[in-house]
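Okay, entry.txt is below, compact mmCIF, C-alpha atoms:
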```txt
# COMPACT_ATOMS: atom_id res chain seq x y z
CA MET A 1 -17.13 0.77 38.69
CA ASP A 2 -14.62 -1.83 37.52
CA GLU A 3 -13.53 -2.01 33.90
CA PHE A 4 -15.70 -5.01 33.02
CA ASP A 5 -18.83 -3.31 34.36
CA LEU A 6 -17.95 -0.08 32.60
CA GLU A 7 -17.49 -1.80 29.23
CA LYS A 8 -20.78 -3.67 29.65
CA LYS A 9 -22.65 -0.50 30.58
CA MET A 10 -21.14 1.58 27.77
CA LEU A 11 -22.00 -1.06 25.16
CA GLU A 12 -25.53 -1.46 26.56
CA SER A 13 -26.00 2.28 26.40
CA LEU A 14 -24.81 2.38 22.78
CA GLU A 15 -27.02 -0.57 21.89
CA GLY A 16 -29.98 1.24 23.43
CA ARG A 17 -29.40 4.16 21.06
CA ILE A 18 -28.61 2.36 17.80
CA GLY A 19 -29.66 -1.29 18.14
CA LYS A 20 -27.69 -4.54 18.33
CA GLU A 21 -27.27 -5.07 14.60
CA ARG A 22 -25.76 -1.63 13.91
CA LEU A 23 -23.61 -1.80 17.02
CA ASN A 24 -22.19 -5.15 15.84
CA LEU A 25 -21.38 -3.71 12.43
CA LEU A 26 -19.64 -0.73 14.02
CA ARG A 27 -17.74 -2.82 16.61
CA ASN A 28 -16.45 -5.11 13.83
CA SER A 29 -15.24 -2.36 11.51
CA SER A 30 -11.75 -0.97 11.05
CA VAL A 31 -11.23 2.58 9.80
CA ALA A 32 -7.87 4.11 8.87
CA ILE A 33 -7.58 7.83 9.54
CA CYS A 34 -4.84 9.35 7.39
CA GLY A 35 -3.79 12.64 8.97
CA LEU A 36 -4.73 13.63 12.52
CA GLY A 37 -5.26 17.37 12.15
CA GLY A 38 -8.49 19.35 12.05
CA LEU A 39 -10.31 16.72 10.02
CA GLY A 40 -8.73 13.51 11.31
CA SER A 41 -8.75 14.23 15.05
CA ASN A 42 -12.42 15.24 14.90
CA VAL A 43 -13.41 12.29 12.70
CA ALA A 44 -11.64 9.90 15.10
CA ILE A 45 -13.52 11.22 18.11
CA ALA A 46 -16.88 11.00 16.34
CA LEU A 47 -16.17 7.41 15.27
CA ALA A 48 -14.99 6.39 18.74
CA ARG A 49 -18.13 7.81 20.34
CA ALA A 50 -20.28 6.01 17.76
CA GLY A 51 -18.75 2.63 18.69
CA VAL A 52 -16.35 1.89 15.82
CA GLY A 53 -14.25 -1.06 17.03
CA ARG A 54 -10.86 -0.36 15.53
CA LEU A 55 -9.23 2.90 14.52
CA HIS A 56 -5.90 2.98 12.70
CA ILE A 57 -4.54 6.46 13.34
CA ILE A 58 -1.66 7.72 11.19
CA ASP A 59 0.32 10.98 11.28
CA PHE A 60 3.99 12.03 11.30
CA ASP A 61 3.46 15.31 13.17
CA ARG A 62 3.51 16.52 16.77
CA VAL A 63 0.91 18.67 18.52
CA ASP A 64 1.72 22.35 17.88
CA ILE A 65 0.26 25.50 19.38
CA SER A 66 -1.15 26.43 15.94
CA ASN A 67 -3.26 23.24 15.97
CA LEU A 68 -5.31 24.10 19.04
CA ASN A 69 -7.72 26.37 17.15
CA ARG A 70 -9.42 23.38 15.55
CA GLN A 71 -7.81 20.05 16.46
CA GLN A 72 -8.82 17.79 19.34
CA TYR A 73 -5.74 18.22 21.52
CA PHE A 74 -4.96 19.94 24.82
CA VAL A 75 -2.28 22.40 25.96
CA LYS A 76 -0.67 19.70 28.11
CA GLN A 77 -0.14 17.63 24.94
CA LEU A 78 1.99 20.22 23.09
CA GLY A 79 5.01 18.48 21.55
CA MET A 80 3.56 14.97 21.75
CA PRO A 81 3.22 12.88 18.58
CA LYS A 82 -0.39 13.34 17.46
CA THR A 83 -0.78 9.54 17.36
CA ASP A 84 0.01 9.27 21.10
CA ALA A 85 -2.01 12.35 22.09
CA LEU A 86 -5.08 11.25 20.13
CA GLU A 87 -4.88 7.70 21.47
CA ASP A 88 -4.96 9.10 25.02
CA ASN A 89 -7.95 11.31 24.21
CA LEU A 90 -9.85 8.50 22.48
CA LYS A 91 -9.26 6.16 25.43
CA GLU A 92 -10.62 8.83 27.80
CA ILE A 93 -13.82 8.91 25.75
CA PHE A 94 -14.23 5.21 25.01
CA PRO A 95 -11.63 2.99 26.70
CA PHE A 96 -12.74 -0.14 24.85
CA ILE A 97 -11.62 0.83 21.38
CA GLU A 98 -8.75 -0.91 19.64
CA ILE A 99 -6.19 1.57 18.37
CA LYS A 100 -3.36 0.94 15.97
CA LYS A 101 -0.89 3.83 15.70
CA ASP A 102 1.59 4.66 12.96
CA PHE A 103 3.80 7.70 13.55
CA VAL A 104 4.86 7.95 9.91
CA LYS A 105 4.43 10.16 6.87
CA ILE A 106 2.12 8.45 4.39
CA ASP A 107 3.50 8.29 0.85
CA GLU A 108 3.09 6.24 -2.32
CA ASN A 109 5.67 3.72 -1.09
CA ASN A 110 4.10 2.80 2.26
CA ILE A 111 0.39 2.97 1.32
CA PRO A 112 0.24 -0.67 0.09
CA THR A 113 1.32 -2.17 3.42
CA LEU A 114 0.05 0.56 5.75
CA LEU A 115 -3.61 0.45 4.67
CA LYS A 116 -4.11 -3.15 3.58
CA ASP A 117 -6.01 -4.30 6.68
CA ASP A 118 -8.50 -1.41 7.04
CA ASP A 119 -12.06 -1.56 5.67
CA ILE A 120 -12.61 2.14 5.05
CA ILE A 121 -10.00 4.86 4.52
CA CYS A 122 -10.52 8.43 5.75
CA GLU A 123 -8.40 11.00 3.91
CA ALA A 124 -7.80 13.82 6.37
CA PHE A 125 -4.68 15.63 5.14
CA ASP A 126 -4.37 19.38 4.72
CA ASN A 127 -2.08 19.37 1.66
CA PRO A 128 -4.01 19.01 -1.62
CA ASP A 129 -1.20 17.20 -3.48
CA ALA A 130 -1.06 14.63 -0.67
CA LYS A 131 -4.87 14.29 -0.76
CA ALA A 132 -4.77 13.53 -4.50
CA THR A 133 -1.92 11.04 -4.13
CA LEU A 134 -3.61 9.14 -1.29
CA VAL A 135 -6.99 8.99 -3.02
CA GLY A 136 -5.48 7.92 -6.37
CA SER A 137 -3.27 5.28 -4.75
CA VAL A 138 -6.01 3.78 -2.55
CA LEU A 139 -8.52 3.55 -5.41
CA LYS A 140 -5.88 1.93 -7.66
CA LEU A 141 -4.41 -0.49 -5.09
CA PHE A 142 -7.56 -1.44 -3.19
CA PRO A 143 -10.54 -1.33 -5.56
CA GLU A 144 -12.73 -2.94 -2.86
CA LYS A 145 -12.16 -0.21 -0.25
CA TYR A 146 -14.11 3.00 0.18
CA ILE A 147 -12.27 6.27 0.70
CA VAL A 148 -13.92 9.31 2.26
CA SER A 149 -12.05 12.56 1.67
CA GLY A 150 -12.27 16.20 2.74
CA SER A 151 -11.92 19.08 0.28
CA GLY A 152 -13.00 22.68 0.78
CA MET A 153 -13.54 23.87 4.36
CA ALA A 154 -11.26 26.91 4.65
CA GLY A 155 -12.56 30.40 5.39
CA PHE A 156 -15.69 31.72 7.07
CA GLY A 157 -18.32 30.77 4.49
CA SER A 158 -21.66 29.23 5.37
CA THR A 159 -21.57 25.65 6.62
CA ASN A 160 -24.64 25.13 4.42
CA LEU A 161 -22.20 24.90 1.49
CA ILE A 162 -20.46 21.89 3.01
CA LYS A 163 -21.84 18.63 1.68
CA THR A 164 -21.02 14.99 0.94
CA GLU A 165 -20.81 13.94 -2.70
CA ARG A 166 -20.10 10.55 -4.23
CA ARG A 167 -17.63 11.57 -6.94
CA LEU A 168 -16.39 8.13 -8.02
CA SER A 169 -17.88 4.73 -7.24
CA LYS A 170 -15.72 4.30 -4.11
CA LEU A 171 -14.85 7.96 -3.44
CA TYR A 172 -16.87 10.41 -1.37
CA ILE A 173 -15.83 14.05 -1.02
CA CYS A 174 -16.90 16.12 1.97
CA GLY A 175 -16.59 19.91 1.88
CA ASP A 176 -17.64 22.80 -0.31
CA GLY A 177 -15.12 21.73 -2.98
CA PHE A 178 -13.57 25.17 -3.51
CA SER A 179 -12.57 27.04 -0.30
CA ASP A 180 -8.79 26.72 -0.45
CA ILE A 181 -6.41 27.48 2.43
CA ASP A 182 -3.94 28.76 -0.21
CA ASP A 183 -6.28 31.70 -0.89
CA GLY A 184 -5.40 33.13 2.54
CA ILE A 185 -8.97 32.92 3.83
CA GLY A 186 -8.05 31.21 7.11
CA LEU A 187 -9.29 28.04 8.73
CA VAL A 188 -11.75 28.05 11.63
CA SER A 189 -12.84 25.27 13.99
CA SER A 190 -16.56 25.36 13.24
CA ARG A 191 -16.17 24.92 9.50
CA VAL A 192 -13.49 22.22 9.78
CA LEU A 193 -15.73 20.42 12.29
CA ALA A 194 -18.61 20.54 9.84
CA ALA A 195 -16.50 18.89 7.14
CA ALA A 196 -15.15 16.34 9.65
CA ALA A 197 -18.71 15.53 10.75
CA HIS A 198 -19.64 14.90 7.11
CA GLU A 199 -16.70 12.53 6.75
CA ALA A 200 -17.48 10.68 9.99
CA ASN A 201 -21.17 10.38 9.12
CA MET A 202 -20.45 9.01 5.64
CA ILE A 203 -18.07 6.45 7.16
CA ILE A 204 -20.70 5.39 9.68
CA ARG A 205 -23.32 5.13 6.91
CA LEU A 206 -21.00 2.90 4.85
CA ILE A 207 -20.37 0.67 7.86
CA ILE A 208 -24.08 0.13 8.41
CA GLY A 209 -24.59 -0.56 4.70
CA GLU A 210 -25.78 2.79 3.34
CA GLU A 211 -23.92 3.87 0.19
CA GLN A 212 -25.85 7.03 -0.61
CA PRO A 213 -24.22 10.30 0.53
CA MET B 214 -14.97 13.04 -28.59
CA VAL B 215 -14.01 12.51 -24.97
CA LYS B 216 -16.42 13.08 -22.09
CA ILE B 217 -14.85 14.82 -19.08
CA ASN B 218 -17.04 15.42 -16.02
CA GLY B 219 -20.10 15.23 -18.25
CA GLU B 220 -18.90 17.69 -20.95
CA MET B 221 -17.74 16.67 -24.45
CA TYR B 222 -14.28 17.72 -25.70
CA ASP B 223 -12.33 17.07 -28.90
CA PHE B 224 -9.47 15.53 -26.94
CA ALA B 225 -8.99 12.10 -28.62
CA GLY B 226 -5.25 11.46 -28.97
CA LYS B 227 -4.31 13.95 -26.25
CA SER B 228 -2.53 12.81 -23.09
CA ILE B 229 -4.22 13.23 -19.73
CA THR B 230 -1.54 15.81 -18.89
CA ASP B 231 -2.47 17.90 -21.96
CA ALA B 232 -6.21 17.56 -21.34
CA LEU B 233 -5.81 18.66 -17.71
CA ALA B 234 -3.71 21.66 -18.80
CA GLU B 235 -6.34 22.77 -21.35
CA LEU B 236 -9.03 22.62 -18.67
CA ASN B 237 -6.84 24.45 -16.12
CA TYR B 238 -6.57 21.60 -13.64
CA ASN B 239 -3.47 21.26 -11.46
CA PRO B 240 -2.17 17.76 -12.30
CA LEU B 241 -0.69 17.34 -8.82
CA ARG B 242 -4.06 17.93 -7.14
CA VAL B 243 -6.38 15.63 -9.06
CA ALA B 244 -7.57 12.05 -9.07
CA VAL B 245 -8.48 10.85 -12.58
CA GLU B 246 -10.66 7.93 -13.56
CA VAL B 247 -11.00 6.82 -17.19
CA ASN B 248 -13.85 4.41 -17.96
CA PHE B 249 -14.23 3.65 -14.22
CA SER B 250 -10.54 2.80 -13.81
CA ILE B 251 -8.14 5.00 -11.83
CA VAL B 252 -5.10 6.30 -13.69
CA PRO B 253 -2.11 6.97 -11.37
CA LYS B 254 -0.44 10.40 -11.54
CA ALA B 255 2.73 8.76 -12.86
CA GLU B 256 0.85 7.67 -16.03
CA PHE B 257 -0.75 11.03 -16.90
CA ASN B 258 1.96 11.89 -19.47
CA GLU B 259 1.79 8.70 -21.54
CA TYR B 260 -1.91 7.86 -21.16
CA LEU B 261 -3.60 8.89 -24.44
CA LEU B 262 -7.35 9.50 -24.46
CA LYS B 263 -9.48 7.79 -27.11
CA ASP B 264 -12.84 8.53 -28.72
CA ASP B 265 -15.76 7.64 -26.41
CA ASP B 266 -13.60 7.63 -23.28
CA SER B 267 -15.45 8.80 -20.21
CA VAL B 268 -13.24 10.69 -17.75
CA GLU B 269 -13.91 11.90 -14.23
CA VAL B 270 -11.53 14.47 -12.72
CA VAL B 271 -11.70 15.27 -9.02
CA GLN B 272 -9.58 18.25 -7.92
CA PHE B 273 -8.69 18.78 -4.27
CA VAL B 274 -8.20 22.08 -2.44
CA GLY B 275 -6.06 22.57 0.67
CA GLY B 276 -7.06 22.72 4.33
CA GLY B 277 -7.87 20.21 7.00
```
Do you think you could lay out the structure here as structure tokens?
Amino acid sequence: MDEFDLEKKMLESLEGRIGKERLNLLRNSSVAICGLGGLGSNVAIALARAGVGRLHIIDFDRVDISNLNRQQYFVKQLGMPKTDALEDNLKEIFPFIEIKKDFVKIDENNIPTLLKDDDIICEAFDNPDAKATLVGSVLKLFPEKYIVSGSGMAGFGSTNLIKTERRLSKLYICGDGFSDIDDGIGLVSSRVLAAAAHEANMIIRLIIGEEQP
Amino acid sequence: MVKINGEMYDFAGKSITDALAELNYNPLRVAVEVNFSIVPKAEFNEYLLKDDDSVEVVQFVGGG
């Protein structure tokens, strides 16, 4: 199958599942994923499969052996920048997605320029201070943008505790809200995936015009 | 009185930093909104709460 046929068939297949109107909304949306670890790499793959048109993937780190327990990378990608490794994986899944990569550490100084062109921001860091800084900065600088954040997915607790809550008018929090990696309770793929799925689903709901968690 | 996450406190005149400390929040790990407007971390020390302010504090935990 040539590339043109493949793109046509993939989009027809997606349209068959979700309808033309929703597919158009998804294809025309741009989501920034801040942090490409257990949350971000899984959110990115869910959004790519769902038909989101543009992903802006941002991380300063390289794929490490300790990431493979929960992050969407492969052994052959060890040492690669996560931005490059994830781009390759996303293109394997859905070649017709537009990807913008930034191999940088996000901080208060670069947020204004880095995130200005994205419709929805996904907070997917592991460090809680960085989570708070990103969320506070985005809500202050870009009052029109939504930010979907992850908080509380460490340990082996029930995934039934993981939920999506609208905590501020433009802020959604996905997680159980309390399971903290600093408590030494570990971090396991299934629970991180559950929180990532909540983030991805809330982002998709916002894109198609649903604001309720 | 100041409303914080739905509860009333006698915090008028206190800074956000002092209010967070009294309620055992870690100021580095929170996003704070006062009357639907975000207050940046850098302003927590000088921002003084007033009577009838409505405050939302969201605290983050680590892992991802």
Exercise. For region 80-83 of chain A, list every protein, DNA or RNA residue within 12 Å, evaluated using only C-alpha atoms, and leave out those in the same chain fewer than 5 positions away; present the list as a PyMOL selection string.
Key: chain A and resi 33-38+40-41+44+55-65+67-68+71-75+88-90+99-105
| Mind listing as a list in words which residues of chain A are within 7 Å of chain B, counting all atoms listed in the file? | Gly37, Gly38, Leu39, Ala124, Phe125, Asp126, Asn127, Pro128, Asp129, Lys131, Ala132, Val135, Gly136, Ser137, Leu139, Lys140, Ser151, Gly152, Met153, Ala154, Gly177, Phe178, Ser179, Asp180, Ile181, Asp182 and Val192 of chain A
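The gap separating CA of Asp266 (chain B) from CA of Val247 (chain B) is 6.7 Å, in Å to one decimal.
If all atoms listed in the file are the atoms counted, then among B:Phe224, B:Glu235, B:Ile217, B:Thr230 the closest residue to Phe257 (chain B) is B:Thr230.
Candidate residues A:Ala85, A:Phe156, A:Gly79, A:Asn69 were compared for distance to Ser189 (chain A), and the nearest is A:Asn69, using all atoms listed in the file.
Summary of the local environment: counting all atoms listed in the file, residues at most 12 Å from Tyr222 (chain B), other than itself and those fewer than 2 positions away along its chain, are B:Met214, B:Val215, B:Lys216, B:Ile217, B:Asn218, B:Gly219, B:Glu220, B:Phe224, B:Ala225, B:Gly226, B:Lys227, B:Ala232, B:Leu233, B:Glu235, B:Leu236, B:Leu262, B:Lys263, B:Asp264, B:Asp265, B:Asp266, B:Ser267, B:Val268.
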Using all atoms listed in the file, which protein or nucleic acid residues come within 12 Å of region 2-15 of chain A? Drop anything in the same chain fewer than 5 positions from it, and give the result as an mmCIF file with C-alpha atoms, in the frame of the given file.
```cif
data_model
loop_
_atom_site.group_PDB
_atom_site.id
_atom_site.type_symbol
_atom_site.label_atom_id
_atom_site.label_comp_id
_atom_site.auth_asym_id
_atom_site.auth_seq_id
_atom_site.Cartn_x
_atom_site.Cartn_y
_atom_site.Cartn_z
ATOM 1 C CA LYS A 20 -27.690 -4.540 18.330
ATOM 2 C CA GLU A 21 -27.270 -5.070 14.600
ATOM 3 C CA ARG A 22 -25.760 -1.630 13.910
ATOM 4 C CA LEU A 23 -23.610 -1.800 17.020
ATOM 5 C CA ASN A 24 -22.190 -5.150 15.840
ATOM 6 C CA LEU A 25 -21.380 -3.710 12.430
ATOM 7 C CA LEU A 26 -19.640 -0.730 14.020
ATOM 8 C CA ARG A 27 -17.740 -2.820 16.610
ATOM 9 C CA ALA A 48 -14.990 6.390 18.740
ATOM 10 C CA ARG A 49 -18.130 7.810 20.340
ATOM 11 C CA ALA A 50 -20.280 6.010 17.760
ATOM 12 C CA GLY A 51 -18.750 2.630 18.690
ATOM 13 C CA VAL A 52 -16.350 1.890 15.820
ATOM 14 C CA GLY A 53 -14.250 -1.060 17.030
ATOM 15 C CA ILE A 93 -13.820 8.910 25.750
ATOM 16 C CA PHE A 94 -14.230 5.210 25.010
ATOM 17 C CA PRO A 95 -11.630 2.990 26.700
ATOM 18 C CA PHE A 96 -12.740 -0.140 24.850
ATOM 19 C CA ILE A 97 -11.620 0.830 21.380
#
```
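From CA of Asn42 (chain A) back to CA of Ala194 (chain A), the distance works out to 9.6 Å.
Residue nearest Thr133 (chain A), chosen from A:Ala32, A:Ile45, A:Val188, A:Ile111 and counting all atoms listed in the file: A:Ile111.
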Pairwise distance, CA of Val148 (chain A) with CA of Asn110 (chain A), equals 19.2 Å
